[in-house]
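Participant: File name my_file_39.csv; file contents CSV, C-alpha atoms; full text below.
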chain,number,residue,atom,x,y,z
B,1,MET,CA,0.0,0.0,0.0
B,2,ARG,CA,1.1,3.5,-0.8
B,3,ALA,CA,1.8,5.7,2.2
B,4,PRO,CA,-0.9,8.3,2.8
B,5,ARG,CA,-0.2,11.7,1.3
B,6,LYS,CA,-0.3,14.6,3.5
B,7,LYS,CA,1.2,17.1,1.2
B,8,ALA,CA,-1.0,19.9,-0.3
B,9,VAL,CA,-0.8,20.3,-4.0
B,10,ARG,CA,0.5,23.6,-5.0
B,11,VAL,CA,-1.9,24.1,-7.9
B,12,VAL,CA,-3.9,27.2,-8.4
B,13,PRO,CA,-7.5,26.0,-8.6
B,14,SER,CA,-8.3,28.7,-11.2
B,15,SER,CA,-5.5,27.5,-13.4
B,16,PRO,CA,-7.2,27.2,-16.8
B,17,GLU,CA,-5.1,24.2,-17.9
B,18,ILE,CA,-5.7,21.9,-15.0
B,19,SER,CA,-9.0,20.2,-15.5
B,20,LEU,CA,-11.8,20.5,-13.0
B,21,GLN,CA,-11.9,16.7,-12.6
B,22,THR,CA,-8.2,16.6,-11.6
B,23,ILE,CA,-8.8,19.4,-9.0
B,24,GLN,CA,-11.9,17.6,-7.7
B,25,MET,CA,-10.1,14.3,-7.5
B,26,LEU,CA,-7.2,15.8,-5.6
B,27,ALA,CA,-9.7,17.3,-3.1
B,28,VAL,CA,-11.2,13.8,-2.7
B,29,ARG,CA,-7.8,12.2,-2.3
B,30,ASP,CA,-6.3,14.8,0.1
B,31,LYS,CA,-9.3,16.2,1.9
B,32,ARG,CA,-11.9,13.5,1.5
B,33,ASP,CA,-14.1,16.2,0.0
B,34,ARG,CA,-17.7,14.9,-0.5
B,35,THR,CA,-18.8,17.9,-2.5
B,36,ALA,CA,-15.9,17.4,-5.0
B,37,PHE,CA,-16.8,13.7,-5.1
B,38,ALA,CA,-20.5,14.5,-5.9
B,39,LEU,CA,-19.3,16.7,-8.8
B,40,LEU,CA,-17.1,13.9,-10.1
B,41,PHE,CA,-20.1,11.6,-9.9
B,42,ASP,CA,-22.1,14.1,-12.0
B,43,HIS,CA,-19.4,14.1,-14.6
B,44,PHE,CA,-18.4,10.5,-14.7
B,45,ALA,CA,-21.5,8.5,-13.8
B,46,PRO,CA,-23.4,9.2,-17.1
B,47,ARG,CA,-20.3,8.6,-19.1
B,48,LEU,CA,-19.5,5.4,-17.3
B,49,LYS,CA,-23.0,4.2,-17.8
B,50,GLY,CA,-22.8,4.9,-21.5
B,51,PHE,CA,-19.4,3.3,-21.7
B,52,ILE,CA,-20.5,0.1,-19.9
B,53,MET,CA,-23.8,-0.1,-21.9
B,54,ARG,CA,-21.8,-0.1,-25.1
B,55,SER,CA,-20.5,-3.6,-24.2
B,56,GLY,CA,-24.1,-4.8,-24.3
B,57,THR,CA,-24.8,-4.5,-20.5
B,58,GLY,CA,-28.4,-3.6,-19.6
B,59,SER,CA,-29.2,-0.3,-17.9
B,60,GLY,CA,-29.9,-1.8,-14.5
B,61,GLN,CA,-26.6,-3.8,-14.3
B,62,ALA,CA,-24.7,-0.9,-15.8
B,63,GLU,CA,-25.8,1.3,-12.9
B,64,GLU,CA,-24.7,-1.3,-10.4
B,65,ILE,CA,-21.3,-1.3,-12.0
B,66,VAL,CA,-21.2,2.6,-12.0
B,67,GLN,CA,-22.0,2.5,-8.3
B,68,GLU,CA,-19.1,0.1,-7.6
B,69,VAL,CA,-16.7,2.0,-9.8
B,70,MET,CA,-17.5,5.3,-8.1
B,71,LEU,CA,-17.2,3.8,-4.7
B,72,THR,CA,-13.8,2.4,-5.7
B,73,VAL,CA,-12.8,5.9,-6.8
B,74,TRP,CA,-13.6,7.1,-3.3
B,75,ARG,CA,-12.0,4.2,-1.5
B,76,LYS,CA,-8.8,4.0,-3.6
B,77,ALA,CA,-8.3,7.7,-4.0
B,78,ASP,CA,-4.9,7.5,-2.5
B,79,GLN,CA,-3.8,5.5,-5.6
B,80,PHE,CA,-4.6,8.4,-7.9
B,81,ASP,CA,-1.5,10.1,-9.1
B,82,PRO,CA,-2.1,13.2,-11.3
B,83,GLU,CA,1.5,13.3,-12.3
B,84,ARG,CA,1.0,10.0,-14.1
B,85,ALA,CA,-2.7,9.9,-15.2
B,86,GLN,CA,-5.7,11.9,-15.9
B,87,VAL,CA,-8.8,11.1,-13.8
B,88,SER,CA,-10.5,9.6,-16.9
B,89,ALA,CA,-7.6,7.2,-17.5
B,90,TRP,CA,-7.5,6.1,-13.9
B,91,ILE,CA,-11.3,5.6,-13.9
B,92,TYR,CA,-11.2,3.8,-17.3
B,93,GLN,CA,-9.0,1.1,-15.8
B,94,ILE,CA,-11.1,0.8,-12.6
B,95,ALA,CA,-14.2,0.3,-14.8
B,96,ARG,CA,-12.7,-2.3,-17.1
B,97,ASN,CA,-11.3,-4.2,-14.1
B,98,ARG,CA,-14.7,-4.2,-12.5
B,99,GLN,CA,-16.4,-5.4,-15.6
B,100,ILE,CA,-14.0,-8.2,-16.1
B,101,ASP,CA,-14.0,-9.3,-12.4
B,102,LEU,CA,-17.8,-9.5,-12.6
B,103,ILE,CA,-17.7,-11.7,-15.7
B,104,ARG,CA,-15.1,-14.0,-14.3
B,105,LYS,CA,-16.3,-13.9,-10.6
B,106,GLU,CA,-12.7,-13.4,-9.5
B,107,ASN,CA,-10.1,-10.6,-9.2
B,108,ARG,CA,-8.1,-10.2,-12.4
B,109,PRO,CA,-4.3,-10.1,-11.9
B,110,LEU,CA,-3.1,-6.5,-11.5
B,111,PRO,CA,0.4,-5.1,-11.3
B,112,GLU,CA,1.9,-4.2,-8.0
B,113,GLU,CA,1.1,-0.7,-6.9
B,114,LEU,CA,4.0,1.6,-6.9
B,115,GLY,CA,4.7,3.0,-3.4
B,116,GLU,CA,5.4,6.7,-3.6
B,117,ASP,CA,7.9,8.4,-1.4
B,118,PRO,CA,5.6,10.4,0.9
B,119,GLY,CA,8.2,13.2,1.1
B,120,THR,CA,8.0,14.3,-2.5
B,121,GLU,CA,6.1,17.4,-3.4
B,122,PRO,CA,3.8,17.0,-6.3
B,123,ASP,CA,4.9,18.8,-9.4
B,124,ALA,CA,2.3,21.1,-11.0
B,125,SER,CA,4.3,21.1,-14.3
B,126,GLN,CA,4.0,17.3,-14.4
B,127,ILE,CA,0.3,17.5,-13.8
B,128,LEU,CA,0.0,20.1,-16.6
B,129,ALA,CA,2.0,17.8,-18.9
B,130,VAL,CA,-0.4,15.0,-18.3
B,131,GLU,CA,-3.3,17.3,-19.1
B,132,GLN,CA,-1.7,18.6,-22.3
B,133,GLU,CA,-0.9,15.1,-23.5
B,134,ALA,CA,-4.4,14.0,-22.9
B,135,GLY,CA,-5.6,17.0,-24.9
B,136,GLN,CA,-3.4,16.1,-27.8
B,137,LEU,CA,-4.5,12.5,-27.6
B,138,LYS,CA,-8.1,13.7,-27.7
B,139,VAL,CA,-7.4,15.7,-30.9
B,140,ALA,CA,-5.5,12.8,-32.5
B,141,LEU,CA,-8.5,10.5,-31.8
B,142,ALA,CA,-11.0,13.0,-33.1
B,143,ARG,CA,-9.0,13.3,-36.4
B,144,LEU,CA,-9.1,9.6,-37.2
B,145,LYS,CA,-11.4,8.5,-39.9
B,146,PRO,CA,-14.6,7.1,-38.5
B,147,GLU,CA,-13.8,3.5,-39.3
B,148,GLN,CA,-10.3,3.8,-37.7
B,149,ARG,CA,-11.8,5.4,-34.7
B,150,LYS,CA,-14.3,2.6,-34.4
B,151,ILE,CA,-11.4,0.0,-34.3
B,152,ILE,CA,-9.6,1.9,-31.6
B,153,GLU,CA,-12.9,2.2,-29.6
B,154,GLN,CA,-13.5,-1.6,-30.0
B,155,ALA,CA,-10.0,-2.4,-28.9
B,156,TYR,CA,-10.2,-0.3,-25.7
B,157,LEU,CA,-13.7,-1.6,-24.9
B,158,GLY,CA,-12.2,-5.1,-24.8
B,159,GLU,CA,-13.9,-6.2,-28.0
B,160,LEU,CA,-10.8,-7.2,-29.9
B,161,THR,CA,-8.3,-10.0,-29.2
B,162,HIS,CA,-4.7,-9.1,-29.0
B,163,GLN,CA,-4.2,-10.8,-32.4
B,164,GLU,CA,-6.9,-8.6,-33.9
B,165,ILE,CA,-5.4,-5.5,-32.2
B,166,SER,CA,-2.0,-6.3,-33.8
B,167,THR,CA,-3.4,-6.9,-37.2
B,168,GLN,CA,-6.3,-4.4,-37.4
B,169,MET,CA,-5.1,-1.6,-35.3
B,170,GLY,CA,-1.7,-1.1,-36.9
B,171,LEU,CA,-2.8,1.8,-39.1
B,172,PRO,CA,-4.9,3.9,-36.8
B,173,LEU,CA,-2.7,3.0,-33.9
B,174,GLY,CA,0.3,4.5,-35.7
B,175,THR,CA,-1.5,7.8,-35.6
B,176,ILE,CA,-2.2,7.8,-31.9
B,177,LYS,CA,1.0,6.0,-31.1
B,178,SER,CA,3.0,9.1,-31.9
B,179,ARG,CA,0.9,10.9,-29.3
B,180,ILE,CA,1.3,8.1,-26.8
B,181,ARG,CA,5.1,8.1,-27.3
B,182,LEU,CA,5.2,11.8,-26.5
B,183,GLY,CA,3.9,10.9,-23.1
B,184,LEU,CA,5.9,7.7,-22.7
B,185,GLU,CA,9.2,9.3,-22.1
B,186,ARG,CA,7.8,11.6,-19.5
B,187,LEU,CA,6.0,8.7,-17.8
B,188,ARG,CA,9.1,6.7,-17.7
B,189,HIS,CA,11.0,9.5,-16.2
B,190,GLU,CA,8.2,10.0,-13.6
B,191,LEU,CA,8.1,6.3,-12.7
B,192,LYS,CA,11.8,6.1,-12.2
B,193,ASP,CA,11.5,8.9,-9.7
B,194,LEU,CA,9.0,6.9,-7.8
B,195,ARG,CA,11.1,3.8,-7.4
Z,1,MET,CA,19.3,-5.8,-10.9
Z,2,THR,CA,19.6,-7.0,-14.5
Z,3,VAL,CA,18.5,-4.8,-17.4
Z,4,ILE,CA,15.3,-6.1,-18.9
Z,5,THR,CA,15.7,-6.3,-22.7
Z,6,HIS,CA,12.6,-8.4,-23.7
Z,7,HIS,CA,9.4,-6.5,-23.2
Z,8,ILE,CA,5.6,-6.9,-23.8
Z,9,PRO,CA,4.5,-6.3,-27.3
Z,10,ASP,CA,2.2,-3.3,-27.6
Z,11,ALA,CA,-0.9,-5.2,-28.8
Z,12,LEU,CA,-0.7,-7.5,-25.8
Z,13,LEU,CA,-0.4,-4.4,-23.5
Z,14,ALA,CA,-3.4,-2.7,-25.1
Z,15,ALA,CA,-5.4,-6.0,-24.8
Z,16,TYR,CA,-4.3,-6.3,-21.2
Z,17,ALA,CA,-5.5,-2.7,-20.3
Z,18,ALA,CA,-8.8,-3.4,-22.2
Z,19,GLY,CA,-9.2,-6.7,-20.5
Z,20,SER,CA,-9.4,-8.9,-23.6
Z,21,LEU,CA,-6.5,-11.2,-22.7
Z,22,PRO,CA,-7.1,-14.7,-21.3
Z,23,GLN,CA,-6.4,-14.8,-17.6
Z,24,PRO,CA,-3.1,-16.8,-17.8
Z,25,TYR,CA,-1.6,-14.2,-20.0
Z,26,GLU,CA,-2.9,-11.4,-17.8
Z,27,LEU,CA,-0.9,-13.0,-14.9
Z,28,VAL,CA,2.3,-12.9,-16.9
Z,29,VAL,CA,1.7,-9.3,-18.2
Z,30,ALA,CA,0.8,-8.1,-14.6
Z,31,ALA,CA,4.0,-9.8,-13.2
Z,32,HIS,CA,6.2,-8.2,-16.0
Z,33,ILE,CA,4.7,-4.7,-15.4
Z,34,SER,CA,5.5,-5.2,-11.7
Z,35,LEU,CA,9.2,-5.7,-12.6
Z,36,CYS,CA,9.5,-3.3,-15.6
Z,37,LEU,CA,9.1,0.4,-15.5
Z,38,ASP,CA,9.1,0.8,-19.3
Z,39,CYS,CA,6.2,-1.5,-19.7
Z,40,ARG,CA,4.4,0.2,-16.8
Z,41,ALA,CA,4.7,3.5,-18.6
Z,42,ALA,CA,3.4,2.0,-21.8
Z,43,TYR,CA,0.5,0.4,-19.9
Z,44,GLU,CA,-0.4,3.7,-18.4
Z,45,ALA,CA,-0.2,5.3,-21.8
Z,46,HIS,CA,-2.9,2.8,-23.0
Z,47,GLN,CA,-5.0,3.7,-20.0
Z,48,ALA,CA,-4.8,7.3,-21.2
Z,49,VAL,CA,-6.2,6.3,-24.6
Z,50,GLY,CA,-9.0,4.4,-22.7
Z,51,GLY,CA,-9.7,7.4,-20.6
Z,52,THR,CA,-10.0,9.6,-23.7
Z,53,ILE,CA,-12.5,7.2,-25.1
Z,54,LEU,CA,-14.5,7.1,-21.8
Z,55,GLU,CA,-14.4,10.9,-21.7
Z,56,ALA,CA,-15.9,11.1,-25.3
Z,57,THR,CA,-18.5,8.4,-24.7
Z,58,ALA,CA,-22.1,9.6,-25.2
Z,59,VAL,CA,-23.7,10.0,-21.8
Z,60,GLU,CA,-26.5,7.8,-20.6
Z,61,GLY,CA,-28.7,9.3,-17.9
Z,62,VAL,CA,-28.6,7.6,-14.5
Z,63,SER,CA,-31.5,7.1,-12.1
Z,64,GLU,CA,-32.2,9.9,-9.7
Z,65,ASP,CA,-31.4,7.9,-6.6
Z,66,LEU,CA,-28.1,6.4,-7.8
Z,67,LYS,CA,-26.1,9.4,-6.6
Z,68,SER,CA,-27.7,9.5,-3.2
Z,69,SER,CA,-27.2,5.8,-2.7
Z,70,VAL,CA,-23.5,6.1,-3.7
Z,71,LEU,CA,-23.1,9.0,-1.3
Z,72,ASP,CA,-24.8,7.1,1.5
Z,73,LEU,CA,-22.4,4.2,1.0
Z,74,LEU,CA,-19.2,6.3,1.3
Z,75,ASP,CA,-18.8,5.6,5.0
Z,76,GLU,CA,-19.8,1.9,4.9
Z,77,PRO,CA,-17.0,-0.3,6.2
Z,78,VAL,CA,-15.6,-2.5,3.5
Z,79,MET,CA,-14.0,-5.9,3.6
Z,80,PRO,CA,-10.4,-5.3,3.0
Z,81,THR,CA,-9.3,-7.2,-0.2
Z,82,PRO,CA,-6.1,-9.1,0.4
Z,83,ASN,CA,-3.1,-7.2,-0.9
Z,84,TYR,CA,-0.4,-9.6,-2.0
Z,85,GLN,CA,3.1,-8.2,-1.8
Z,86,ARG,CA,6.2,-9.3,-3.6
Z,87,SER,CA,7.9,-12.2,-1.8
Z,88,GLY,CA,11.4,-13.0,-2.8
Z,89,ILE,CA,11.5,-13.6,-6.5
Z,90,TYR,CA,7.7,-13.7,-6.9
Z,91,PRO,CA,6.0,-10.5,-7.8
Z,92,GLY,CA,2.7,-9.5,-6.2
Z,93,PRO,CA,0.4,-11.0,-8.9
Z,94,VAL,CA,2.2,-14.3,-8.7
Z,95,MET,CA,1.8,-14.3,-4.9
Z,96,GLN,CA,-1.9,-13.6,-5.5
Z,97,ALA,CA,-2.1,-16.7,-7.8
Z,98,LEU,CA,-0.2,-18.7,-5.1
Z,99,LYS,CA,-2.7,-17.3,-2.6
Z,100,GLY,CA,0.3,-16.1,-0.5
Z,101,LYS,CA,1.8,-19.5,-0.1
Z,102,PRO,CA,5.1,-20.9,-1.5
Z,103,PRO,CA,4.9,-22.9,-4.8
Z,104,ARG,CA,4.0,-26.6,-4.5
Z,105,TRP,CA,6.5,-28.1,-6.9
Z,106,LYS,CA,5.9,-31.4,-8.7
Z,107,SER,CA,8.7,-33.2,-10.5
Z,108,LEU,CA,8.5,-33.6,-14.2
Z,109,GLY,CA,11.8,-35.6,-14.3
Z,110,MET,CA,15.4,-34.7,-15.1
Z,111,GLY,CA,15.3,-32.1,-12.3
Z,112,VAL,CA,12.6,-30.1,-14.0
Z,113,ARG,CA,9.7,-29.1,-11.7
Z,114,GLN,CA,6.5,-27.3,-12.1
Z,115,SER,CA,3.8,-25.7,-10.0
Z,116,ILE,CA,0.5,-25.2,-11.7
Z,117,LEU,CA,-1.1,-21.8,-10.9
Z,118,SER,CA,-4.2,-22.1,-13.0
Z,119,THR,CA,-5.5,-24.4,-15.7
Z,120,GLY,CA,-8.7,-24.4,-17.6
Z,121,ARG,CA,-10.5,-23.6,-20.9
Z,122,ASN,CA,-8.6,-20.3,-21.2
Z,123,GLY,CA,-5.2,-22.0,-20.9
Z,124,SER,CA,-2.8,-22.5,-18.1
Z,125,ALA,CA,-0.2,-20.7,-16.0
Z,126,ARG,CA,2.5,-22.4,-14.1
Z,127,LEU,CA,5.9,-21.9,-12.6
Z,128,LEU,CA,8.8,-23.9,-14.0
Z,129,HIS,CA,12.0,-24.7,-12.2
Z,130,ILE,CA,14.8,-25.8,-14.5
Z,131,PRO,CA,18.3,-26.8,-13.2
Z,132,PRO,CA,21.3,-25.1,-14.8
Z,133,GLY,CA,22.3,-26.6,-18.1
Z,134,GLN,CA,19.0,-28.5,-18.3
Z,135,ALA,CA,16.8,-28.2,-21.4
Z,136,VAL,CA,13.1,-27.7,-21.1
Z,137,PRO,CA,12.2,-30.5,-23.5
Z,138,ASP,CA,11.8,-29.4,-27.1
Z,139,HIS,CA,8.2,-28.4,-27.4
Z,140,SER,CA,5.9,-26.6,-29.6
Z,141,HIS,CA,2.5,-25.3,-28.6
Z,142,ASN,CA,-0.9,-24.6,-30.2
Z,143,GLY,CA,-1.2,-21.0,-29.3
Z,144,LEU,CA,0.9,-18.2,-27.9
Z,145,GLU,CA,3.3,-19.0,-25.0
Z,146,LEU,CA,4.5,-16.3,-22.7
Z,147,THR,CA,7.5,-17.0,-20.4
Z,148,LEU,CA,8.7,-14.6,-17.8
Z,149,VAL,CA,12.0,-15.2,-16.1
Z,150,LEU,CA,11.9,-14.8,-12.3
Z,151,GLN,CA,15.3,-16.2,-11.3
Z,152,GLY,CA,18.4,-17.2,-13.3
Z,153,SER,CA,18.2,-17.2,-17.1
Z,154,PHE,CA,17.6,-19.3,-20.1
Z,155,SER,CA,18.7,-19.2,-23.7
Z,156,ASP,CA,17.1,-20.6,-26.8
Z,157,GLU,CA,17.2,-20.1,-30.6
Z,158,THR,CA,15.8,-16.6,-30.2
Z,159,GLY,CA,18.2,-15.2,-27.6
Z,160,ARG,CA,19.0,-15.0,-23.9
Z,161,TYR,CA,16.4,-14.2,-21.2
Z,162,GLY,CA,17.3,-13.0,-17.8
Z,163,VAL,CA,15.3,-11.9,-14.8
Z,164,GLY,CA,12.3,-9.8,-15.9
Z,165,ASP,CA,12.6,-10.7,-19.5
Z,166,LEU,CA,9.5,-12.0,-21.3
Z,167,GLU,CA,9.7,-14.4,-24.2
Z,168,VAL,CA,6.7,-14.3,-26.5
Z,169,ALA,CA,6.6,-17.5,-28.6
Z,170,ASP,CA,3.9,-18.1,-31.2
Z,171,GLN,CA,2.8,-21.5,-32.4
Z,172,ASP,CA,5.3,-21.5,-35.3
Z,173,LEU,CA,8.3,-21.3,-33.0
Z,174,GLU,CA,9.9,-24.6,-32.2
Z,175,HIS,CA,12.4,-23.7,-29.5
Z,176,THR,CA,14.6,-25.4,-26.9
Z,177,PRO,CA,15.0,-23.2,-23.9
Z,178,ILE,CA,18.1,-24.3,-21.9
Z,179,ALA,CA,18.7,-22.9,-18.4
Z,180,ASP,CA,22.0,-21.1,-18.2
Z,181,GLU,CA,24.7,-21.9,-15.6
Z,182,GLY,CA,24.3,-20.4,-12.2
Z,183,ALA,CA,21.1,-20.5,-10.2
Z,184,PRO,CA,18.3,-22.7,-11.3
Z,185,CYS,CA,16.0,-20.9,-13.8
Z,186,ILE,CA,12.5,-20.2,-12.4
Z,187,CYS,CA,10.0,-18.8,-14.8
Z,188,LEU,CA,6.3,-18.1,-15.1
Z,189,ALA,CA,4.8,-19.6,-18.2
Z,190,ALA,CA,1.4,-19.2,-19.7
Z,191,THR,CA,-0.3,-20.7,-22.7
Z,192,ASP,CA,-3.8,-20.6,-24.1
Z,193,ALA,CA,-3.6,-24.3,-25.0
Z,194,PRO,CA,-2.1,-27.4,-23.5
Z,195,LEU,CA,1.6,-27.8,-24.2
Z,196,LYS,CA,2.7,-30.4,-26.8
Z,197,PHE,CA,6.0,-32.0,-25.8
Z,198,ASN,CA,7.7,-33.5,-28.7
Z,199,ALA,CA,10.1,-36.0,-27.3
Z,200,PHE,CA,10.2,-35.9,-23.5
Z,201,PHE,CA,6.7,-37.1,-22.8
Z,202,PRO,CA,4.5,-39.2,-25.0
Z,203,ARG,CA,1.4,-37.2,-25.7
Z,204,LEU,CA,-0.7,-39.8,-24.0
Z,205,LEU,CA,0.7,-38.8,-20.7
Z,206,GLN,CA,-0.2,-35.2,-21.1
Z,207,PRO,CA,-3.6,-35.3,-19.3
Z,208,LEU,CA,-2.0,-37.3,-16.4
Z,209,PHE,CA,0.7,-34.7,-15.8
Z,210,ARG,CA,-1.3,-31.7,-16.9
Z,211,ILE,CA,1.6,-30.2,-18.9
Take the structure in the file and give it back as structure tokens.
Facilitator:
Amino acid sequence: MRAPRKKAVRVVPSSPEISLQTIQMLAVRDKRDRTAFALLFDHFAPRLKGFIMRSGTGSGQAEEIVQEVMLTVWRKADQFDPERAQVSAWIYQIARNRQIDLIRKENRPLPEELGEDPGTEPDASQILAVEQEAGQLKVALARLKPEQRKIIEQAYLGELTHQEISTQMGLPLGTIKSRIRLGLERLRHELKDLR
Amino acid sequence: MTVITHHIPDALLAAYAAGSLPQPYELVVAAHISLCLDCRAAYEAHQAVGGTILEATAVEGVSEDLKSSVLDLLDEPVMPTPNYQRSGIYPGPVMQALKGKPPRWKSLGMGVRQSILSTGRNGSARLLHIPPGQAVPDHSHNGLELTLVLQGSFSDETGRYGVGDLEVADQDLEHTPIADEGAPCICLAATDAPLKFNAFFPRLLQPLFRI
């Protein structure tokens, strides 16, 4: 388990480049702020429900999963690291894990959590870098041709096997890969600091 | 610590993040990410793509009482889920598969031992213990075979694999991994099909030994 964070994030809340969701998630993580959590719920619950229903899950069961995912967001908030991930990326993985665990009725194997040195100050420029990369990724995805975008969506909804991903996704993935790579070097650097 | 030179191919990482890999492969991928910062970074980059797609998903209205019921549950005590830590050479996900206990080795002959972690329709995952200089019998397999080195090293027709290295062998590869000199080689191996041993065991014995 990662050590609890006591540090305050030196991020100006009105900063135009840090997303509202990141600020709210940090308030949930560091201050257990229920109002911020309720705002996150308003933003993510309808998206999560839409996302889960795309895999063919009915409305009622989708809401049950949304409930569990949002409760996990609250309970595992200490694992959220804005220097490595946007809130949406973090919640995406929680949602996919939950959907798979439900189908299999067991916990899927997950990597060890990285313990963070509790002494380190969060770096606002790193948080901004994450936001900017996510913005670029969004633009890159929006620029894909509809059929290419569909393949990417299917892949990340868990609808393609790894063989299908390697054969079908080559072309559109090339486009987003360059965006991913931009973030990769920074992520690697960030992770090495955490070790 | 040795430098990891054999990593997880991108398509496998994307499939892992999305959850479309069979469970035995997931175990190997999760164990490798636990040991490899490069692949952890790549994994988190795939999460960023997933997050972008989630963010862009058309919203679906939720029932009025869903929010209040979630808010009411925030203070509910939860059963702590067991958190398996790395133990010696075994990364957390392997300890989870071992349920926190040491491996139960079964001899396969010639000093080679195995400990089955899971086996079923989706394939199998097991630990292999191979004495130095000993070959894992020449084998081919029906599907993809992932082998992650946890201790020692082995070499085969495709190169040398040390601690943290992952060999990805498809069904066309007929290879003979041989444990290098030094400590016995311990690896985590996963297939999506039963292994076919060419010479070491008659195929008839396969169900008996579950190899």
Participant: Find, counting all atoms listed in the file, the residue in B:Val66, B:Leu102, B:Leu71, B:Ala38 that gets nearest to Z:Leu74.
Facilitator: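 For Z:Leu74, the nearest of the given residues is B:Leu71.
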Participant: Listed atoms of stretch 120-135 of chain Z, axis-aligned box, 3 Å per side: centre and edge lengths to one decimal in Å, as AutoDock Vina command-line options?
Facilitator:
--center_x 5.9 --center_y -24.4 --center_z -16.8 --size_x 38.8 --size_y 14.2 --size_z 15.2
Participant: Which residues come within 9 Å of Z:Gln96, counting all atoms listed in the file, excluding same-chain residues fewer than 2 positions away, as a PyMOL selection string?
Facilitator: (chain B and resi 109) or (chain Z and resi 82-85+91-94+98-101)
Participant: Work out how far atom CA of B:Lys138 is from atom CA of B:Glu159, in Å to one decimal.
Facilitator: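 According to the coordinates, atom CA of B:Glu159 and atom CA of B:Lys138 are separated by 20.7 Å.
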Participant: What separation in Å, quoted to one decimal, exists between atom CA of B:Arg29 and atom CA of B:Ala77?
Facilitator: 4.8 Å
Participant: Suppose you want the space between atom CA of B:Gln67 and atom CA of Z:Thr81; what is it in Å?
Facilitator: 17.9 Å
Participant: Can you check which parts of chain Z lie within 7 Å of chain B? Per residue, the shortest pair of atoms and distance in Å to one decimal, counting only C-alpha atoms, sorted by chain and number, as CSV.
Facilitator:
residue,atom,partner,partner_atom,distance
Z:Ala11,CA,B:Ser166,CA,5.2
Z:Leu12,CA,B:His162,CA,5.4
Z:Ala15,CA,B:His162,CA,5.3
Z:Ala17,CA,B:Gln93,CA,6.9
Z:Ala18,CA,B:Gly158,CA,4.6
Z:Gly19,CA,B:Gly158,CA,5.5
Z:Ser20,CA,B:Gly158,CA,4.9
Z:Leu21,CA,B:Thr161,CA,6.9
Z:Glu26,CA,B:Pro109,CA,6.2
Z:Leu27,CA,B:Pro109,CA,5.4
Z:Ala30,CA,B:Pro111,CA,4.5
Z:Ala31,CA,B:Pro111,CA,6.2
Z:Ile33,CA,B:Pro111,CA,6.0
Z:Ser34,CA,B:Pro111,CA,5.1
Z:Leu37,CA,B:Leu191,CA,6.6
Z:Asp38,CA,B:Arg188,CA,6.1
Z:Ala41,CA,B:Leu187,CA,5.4
Z:Ala42,CA,B:Leu184,CA,6.3
Z:Ala45,CA,B:Ile180,CA,5.9
Z:Gln47,CA,B:Ala89,CA,5.0
Z:Ala48,CA,B:Ala89,CA,4.6
Z:Gly50,CA,B:Tyr156,CA,5.7
Z:Gly51,CA,B:Ala89,CA,3.7
Z:Thr52,CA,B:Lys138,CA,6.0
Z:Ile53,CA,B:Glu153,CA,6.7
Z:Leu54,CA,B:Phe51,CA,6.2
Z:Glu55,CA,B:Ser88,CA,6.3
Z:Thr57,CA,B:Arg47,CA,5.9
Z:Ala58,CA,B:Gly50,CA,6.0
Z:Val59,CA,B:Arg47,CA,4.6
Z:Glu60,CA,B:Gly50,CA,4.8
Z:Gly61,CA,B:Pro46,CA,5.4
Z:Val62,CA,B:Pro46,CA,6.0
Z:Val70,CA,B:Gln67,CA,6.0
Z:Leu74,CA,B:Leu71,CA,6.8
Z:Gly92,CA,B:Glu112,CA,5.7
Z:Pro93,CA,B:Pro109,CA,5.6
